[in-house]
Amino acid sequence: MRALFSFLFLLGLAPTALAAKFETPATHAVILDYDTGLMLFGKEPEMPVPPASMTKIMTLYMVFERLQSGALSLDDEFTVSDDAWRRGGFSSGSSTMCLRPKERVRVEDLIRGVIVLSGNDAAITLAENIAGSEGAFARQMTERAHELGLETVAFHNATGWPDPGHEVSVLDLAKLTRIIIRDFPEDYAYFSEREYDWCKAAPSNRYNRNPLLGVVPGADGLKTGHTKESGYGLAGSAIRDGKRRIIVFNGMKSSRGRASEGERLMRAAFGEFDIKTLYAEGAVVGEAKVAIGKALSVPLVTTEEINVAYFRPNRRSITSAMVYDGPVRAPIQKGDVLGKLVVEEKGEVKASYPLVAGASVEKKGLVGQAIDGLVGLIRGKGTE
């Protein structure tokens with residue numbers, strides 16, 4: 001028999017007739033809560049798409065990891081190859097740091113060149129000097145991303161230059177952003193720099209393209225992207241009142257549209273979405289009936305803190321239920337998975353969490369089982 005614990009309405013409210021819907025003109029978008037890792041909003045969030053220069057977030061992850069391990073230092077100097085200059089230099093017509101062939105440049109300057117100026121030449125120079133070639137570096141990027149659990153990553157270069165099959169989902173980019181902020185807080189500070197005066201060939205090429213910086217309160221990163229194939233995209237993050245939110249979106253039709261939508265999504269990330277803690281780790285959610293046990297029931301407890309993300313206008317339509325197959329037959333060991341807590345929004349499952357036995361229950365002896373059987377017969381019911 002399947003036992004269903006009564007629904008618990010979040011915030012103590014009853015369901016509404018119709019659920020509101022948050023929308024965006026971006027083709028792909030995600031809003032992520034930094035602390036919990038919960039997705040607050042998603043539009044095609046898991047579909048791999050061309051990321052353009054948002055690729056460079058992974059390029060920088062590879063650099064930051066080497067800096068942290070001591071394999072690199074900020075004062076190491078890398079040589080700019082003819083190929084890096086040809087494909088990413090000033091005459092290439094692409095985003096550039098304006099590096100010159102055979103020039104030797106400090107790693108820290110290259111990092112700023114990638115972040116502030118989105119320099120393709122800087123990204124290629126980092127890749128070639130670390131892995132021997134950009135292709136080898138791209139393979140390392142992909143392998144490391146998969147190790148981090150970012151399964152949609154398939155990178156063919158370090159810049160995001162269009163290449164068939166070079167792709168990643170916006171959700172994985174958001175997860176990568178969260179990892180960088182968590183693991184490299186000092187290096188993450190580079191993403192908040194609004195200008196970097198290096199490109200003497202084009203003095204106006206000194207400003208960070210991130211439209212959130214200096215405009216959206218608390219914004220401190222991260223990276224824009226644009227190609228004809230991808231449209232205009234942005235990975236951004238901001239912190240307010242101790243809460244950090246991450247947005248990633250792609251497919252906008254103009255830089256102006258990207259700027260306005262980035263501001264709107266970040267405003268929504270803090271104002272229109274929230275997180276409710278339902279249960280702490282180890283909290284008792286309810287009790288499961290026990291058959292042929294020395295106890296009539298066993299507490300069902302959580303294995304982790306259970307948080308639920310929701311769109312504020314829909315707060316009345318979020319429900320949770322404890323589900324288990326029961327009565328549960330003894331013996332039961334503490335920690336056995338006996339059921340689950342199911343969270344739904346308007347009848348659609350949002351998440352499911354395991355519930356385990358909070359105590360052990362021994363099996364009754366033969367005499368006890370016989371008595372239970374007799375009671376069941378007297379009541380006109382068989383034991384289960």
# chains A, B, ... in the order shown; residues from 1 in each chain; ligands from 1
call {"tool": "residues_around", "arguments": {"residues": "Glu46 of chain A", "least_positions_apart": "6", "cutoff": "12 Å", "atoms": "only C-alpha atoms", "output": "VMD selection string"}}
result
chain A and resid 27 to 30 39 150 to 153 167 to 175 248 to 249
call {"tool": "write_last_selection", "arguments": {"atoms": "C-alpha atoms", "output": "mmCIF file, in the first residue's frame"}}
result
data_model
loop_
_atom_site.group_PDB
_atom_site.id
_atom_site.type_symbol
_atom_site.label_atom_id
_atom_site.label_comp_id
_atom_site.auth_asym_id
_atom_site.auth_seq_id
_atom_site.Cartn_x
_atom_site.Cartn_y
_atom_site.Cartn_z
ATOM 1 C CA THR A 27 16.597 31.980 -26.163
ATOM 2 C CA HIS A 28 18.307 30.314 -23.194
ATOM 3 C CA ALA A 29 18.521 31.604 -19.635
ATOM 4 C CA VAL A 30 19.063 30.546 -16.048
ATOM 5 C CA MET A 39 18.004 26.968 -10.084
ATOM 6 C CA LEU A 150 29.682 20.031 -16.354
ATOM 7 C CA GLU A 151 28.675 17.352 -18.837
ATOM 8 C CA THR A 152 27.426 19.608 -21.669
ATOM 9 C CA VAL A 153 30.856 21.201 -22.174
ATOM 10 C CA GLU A 167 29.022 24.386 -27.032
ATOM 11 C CA VAL A 168 27.843 24.356 -23.426
ATOM 12 C CA SER A 169 24.509 24.878 -21.657
ATOM 13 C CA VAL A 170 23.739 28.094 -19.807
ATOM 14 C CA LEU A 171 23.133 25.998 -16.672
ATOM 15 C CA ASP A 172 26.654 24.565 -16.822
ATOM 16 C CA LEU A 173 28.047 28.072 -17.349
ATOM 17 C CA ALA A 174 26.158 29.189 -14.236
ATOM 18 C CA LYS A 175 27.523 26.221 -12.280
ATOM 19 C CA VAL A 248 23.449 33.407 -17.580
ATOM 20 C CA PHE A 249 21.544 34.013 -20.799
#
call {"tool": "residues_around", "arguments": {"residues": "Ile180 of chain A", "least_positions_apart": "6", "cutoff": "10 Å", "atoms": "only C-alpha atoms", "output": "ChimeraX atom specification"}}
result
/A:57-58,60-61,64-65,174,186-188
call {"tool": "closest_atom_pairs", "arguments": {"of": "segment 198-299 of chain A", "to": "segment 100-113 of chain A", "cutoff": "10 Å", "atoms": "only C-alpha atoms", "output": "JSON lines"}}
result
{"residue": "A:Trp198", "atom": "CA", "partner": "A:Gly113", "partner_atom": "CA", "distance": 8.0}
{"residue": "A:Cys199", "atom": "CA", "partner": "A:Gly113", "partner_atom": "CA", "distance": 9.2}
{"residue": "A:Arg206", "atom": "CA", "partner": "A:Gly113", "partner_atom": "CA", "distance": 9.3}
{"residue": "A:Asn208", "atom": "CA", "partner": "A:Arg112", "partner_atom": "CA", "distance": 9.9}
call {"tool": "select_by_dssp", "arguments": {"residues": "segment 24-124 of chain A", "states": "strand (DSSP E)", "output": "list in words"}}
result
His28, Ala29, Val30, Ile31, Leu32, Asp33, Met39, Leu40, Phe41, Gly42, Lys43, Glu77, Phe78, Thr79, Arg104, Val105 and Arg106 of chain A
call {"tool": "write_last_selection", "arguments": {"atoms": "C-alpha atoms", "output": "compact mmCIF listing (two decimals), in the first residue's frame"}}
result
# COMPACT_ATOMS: atom_id res chain seq x y z
CA HIS A 28 18.31 30.31 -23.19
CA ALA A 29 18.52 31.60 -19.63
CA VAL A 30 19.06 30.55 -16.05
CA ILE A 31 19.02 32.19 -12.62
CA LEU A 32 21.02 30.36 -9.96
CA ASP A 33 21.23 30.87 -6.21
CA MET A 39 18.00 26.97 -10.08
CA LEU A 40 15.48 29.74 -9.51
CA PHE A 41 14.50 30.03 -13.16
CA GLY A 42 15.38 28.25 -16.36
CA LYS A 43 14.51 28.56 -20.03
CA GLU A 77 55.84 35.82 -18.75
CA PHE A 78 54.35 34.21 -21.84
CA THR A 79 55.40 34.82 -25.45
CA ARG A 104 56.39 38.78 -23.66
CA VAL A 105 53.48 39.47 -21.34
CA ARG A 106 52.91 38.74 -17.64
call {"tool": "residues_around", "arguments": {"residues": "Gly214 of chain A", "least_positions_apart": "5", "cutoff": "9 Å", "atoms": "only C-alpha atoms", "output": "PyMOL selection string"}}
result
chain A and resi 194+219-220
call {"tool": "write_last_selection", "arguments": {"atoms": "N, CA and C atoms", "output": "PDB file, in the first residue's frame"}}
result
ATOM      1  N   ARG A 194      36.651  47.520 -14.248  1.00  0.00           N
ATOM      2  CA  ARG A 194      35.846  48.121 -15.307  1.00  0.00           C
ATOM      3  C   ARG A 194      36.662  48.644 -16.483  1.00  0.00           C
ATOM      4  N   ALA A 219      26.672  44.199  -8.465  1.00  0.00           N
ATOM      5  CA  ALA A 219      27.229  43.407  -9.571  1.00  0.00           C
ATOM      6  C   ALA A 219      28.748  43.451  -9.529  1.00  0.00           C
ATOM      7  N   ASP A 220      29.397  42.280  -9.646  1.00  0.00           N
ATOM      8  CA  ASP A 220      30.855  42.222  -9.588  1.00  0.00           C
ATOM      9  C   ASP A 220      31.466  41.249 -10.594  1.00  0.00           C
TER      10      ASP A 220
END
call {"tool": "residues_around", "arguments": {"residues": "Arg329 of chain A", "least_positions_apart": "5", "cutoff": "7 Å", "atoms": "only C-alpha atoms", "output": "number ranges by chain"}}
result
A: 290-292
call {"tool": "residues_around", "arguments": {"residues": "Ile130 of chain A", "least_positions_apart": "2", "cutoff": "12 Å", "atoms": "only C-alpha atoms", "output": "number ranges by chain"}}
result
A: 59-60, 62-63, 65-67, 71-72, 76-79, 107, 123-128, 132-138, 140-141, 158
call {"tool": "closest_residue", "arguments": {"among": "A:Ser317, A:Gln68, A:Ser360, A:Gln333", "to": "Glu345 of chain A", "atoms": "only C-alpha atoms"}}
result
A:Ser317
call {"tool": "residues_around", "arguments": {"residues": "Ser230 of chain A", "least_positions_apart": "4", "cutoff": "7 Å", "atoms": "only C-alpha atoms", "output": "list in words"}}
result
Pro50, Pro51, Ala52, His226, Asn250 and Gly251 of chain A
call {"tool": "atom_distance", "arguments": {"atom1": "atom CA of Thr319 of chain A", "atom2": "atom CA of Val343 of chain A"}}
result
5.8 Å
call {"tool": "closest_residue", "arguments": {"among": "A:Leu117, A:Thr224, A:Phe273, A:Glu143", "to": "Asp197 of chain A", "atoms": "only C-alpha atoms"}}
result
A:Leu117
call {"tool": "atom_distance", "arguments": {"atom1": "atom CA of Ala259 of chain A", "atom2": "atom CA of Gly225 of chain A"}}
result
12.0 Å
call {"tool": "decode", "arguments": {"residues": "segment 283-316 of chain A", "atoms": "N, CA and C atoms", "output": "compact mmCIF listing (two decimals), in the first residue's frame"}}
result
# COMPACT_ATOMS: atom_id res chain seq x y z
N ALA A 283 15.97 16.52 10.24
CA ALA A 283 14.66 16.87 10.79
C ALA A 283 13.66 15.75 10.57
N VAL A 284 12.74 15.55 11.53
CA VAL A 284 11.69 14.56 11.39
C VAL A 284 10.55 15.15 10.56
N VAL A 285 10.25 14.50 9.44
CA VAL A 285 9.18 14.96 8.56
C VAL A 285 7.84 14.35 8.97
N GLY A 286 7.86 13.11 9.41
CA GLY A 286 6.65 12.41 9.82
C GLY A 286 7.01 11.02 10.30
N GLU A 287 6.02 10.17 10.38
CA GLU A 287 6.25 8.79 10.82
C GLU A 287 5.66 7.82 9.82
N ALA A 288 6.34 6.68 9.66
CA ALA A 288 5.84 5.60 8.81
C ALA A 288 5.33 4.47 9.69
N LYS A 289 4.19 3.91 9.34
CA LYS A 289 3.66 2.77 10.08
C LYS A 289 4.57 1.56 9.88
N VAL A 290 4.69 0.73 10.92
CA VAL A 290 5.56 -0.43 10.88
C VAL A 290 4.74 -1.70 11.08
N ALA A 291 5.01 -2.73 10.29
CA ALA A 291 4.38 -4.03 10.42
C ALA A 291 5.32 -4.99 11.13
N ILE A 292 4.79 -5.84 11.97
CA ILE A 292 5.50 -6.88 12.75
C ILE A 292 6.76 -6.34 13.41
N GLY A 293 6.69 -5.13 13.91
CA GLY A 293 7.83 -4.53 14.60
C GLY A 293 7.53 -4.30 16.06
N LYS A 294 8.58 -4.14 16.83
CA LYS A 294 8.41 -3.87 18.26
C LYS A 294 7.96 -2.44 18.52
N ALA A 295 7.95 -1.62 17.49
CA ALA A 295 7.37 -0.28 17.55
C ALA A 295 6.32 -0.16 16.46
N LEU A 296 5.27 0.61 16.73
CA LEU A 296 4.18 0.74 15.77
C LEU A 296 4.53 1.66 14.60
N SER A 297 5.53 2.53 14.79
CA SER A 297 5.92 3.47 13.75
C SER A 297 7.40 3.80 13.88
N VAL A 298 7.93 4.42 12.83
CA VAL A 298 9.33 4.83 12.83
C VAL A 298 9.41 6.24 12.24
N PRO A 299 10.18 7.14 12.85
CA PRO A 299 10.28 8.50 12.29
C PRO A 299 11.03 8.50 10.96
N LEU A 300 10.57 9.32 10.04
CA LEU A 300 11.25 9.52 8.76
C LEU A 300 11.96 10.87 8.82
N VAL A 301 13.26 10.87 8.56
CA VAL A 301 14.05 12.09 8.71
C VAL A 301 14.78 12.41 7.42
N THR A 302 15.17 13.67 7.27
CA THR A 302 15.88 14.14 6.09
C THR A 302 17.36 13.80 6.18
N THR A 303 17.99 13.66 5.03
CA THR A 303 19.43 13.41 4.98
C THR A 303 20.22 14.68 4.67
N GLU A 304 19.52 15.76 4.38
CA GLU A 304 20.16 17.02 4.04
C GLU A 304 19.18 18.15 4.31
N GLU A 305 19.69 19.36 4.33
CA GLU A 305 18.79 20.52 4.42
C GLU A 305 17.98 20.60 3.14
N ILE A 306 16.70 20.77 3.27
CA ILE A 306 15.82 20.80 2.10
C ILE A 306 15.34 22.22 1.87
N ASN A 307 15.77 22.78 0.74
CA ASN A 307 15.39 24.14 0.35
C ASN A 307 14.61 24.07 -0.95
N VAL A 308 13.66 24.96 -1.10
CA VAL A 308 12.84 25.01 -2.30
C VAL A 308 12.88 26.41 -2.89
N ALA A 309 13.21 26.49 -4.18
CA ALA A 309 13.21 27.77 -4.89
C ALA A 309 11.83 28.00 -5.50
N TYR A 310 11.37 29.25 -5.48
CA TYR A 310 10.06 29.52 -6.04
C TYR A 310 9.97 30.95 -6.57
N PHE A 311 9.09 31.12 -7.53
CA PHE A 311 8.74 32.42 -8.09
C PHE A 311 7.71 33.04 -7.14
N ARG A 312 7.99 34.21 -6.61
CA ARG A 312 7.15 34.78 -5.54
C ARG A 312 5.65 34.80 -5.88
N PRO A 313 5.25 35.18 -7.12
CA PRO A 313 3.81 35.15 -7.41
C PRO A 313 3.20 33.76 -7.31
N ASN A 314 4.03 32.69 -7.35
CA ASN A 314 3.52 31.33 -7.28
C ASN A 314 3.67 30.70 -5.91
N ARG A 315 3.96 31.49 -4.90
CA ARG A 315 4.27 30.91 -3.59
C ARG A 315 3.10 30.09 -3.04
N ARG A 316 1.88 30.38 -3.47
CA ARG A 316 0.73 29.64 -2.96
C ARG A 316 0.54 28.28 -3.64
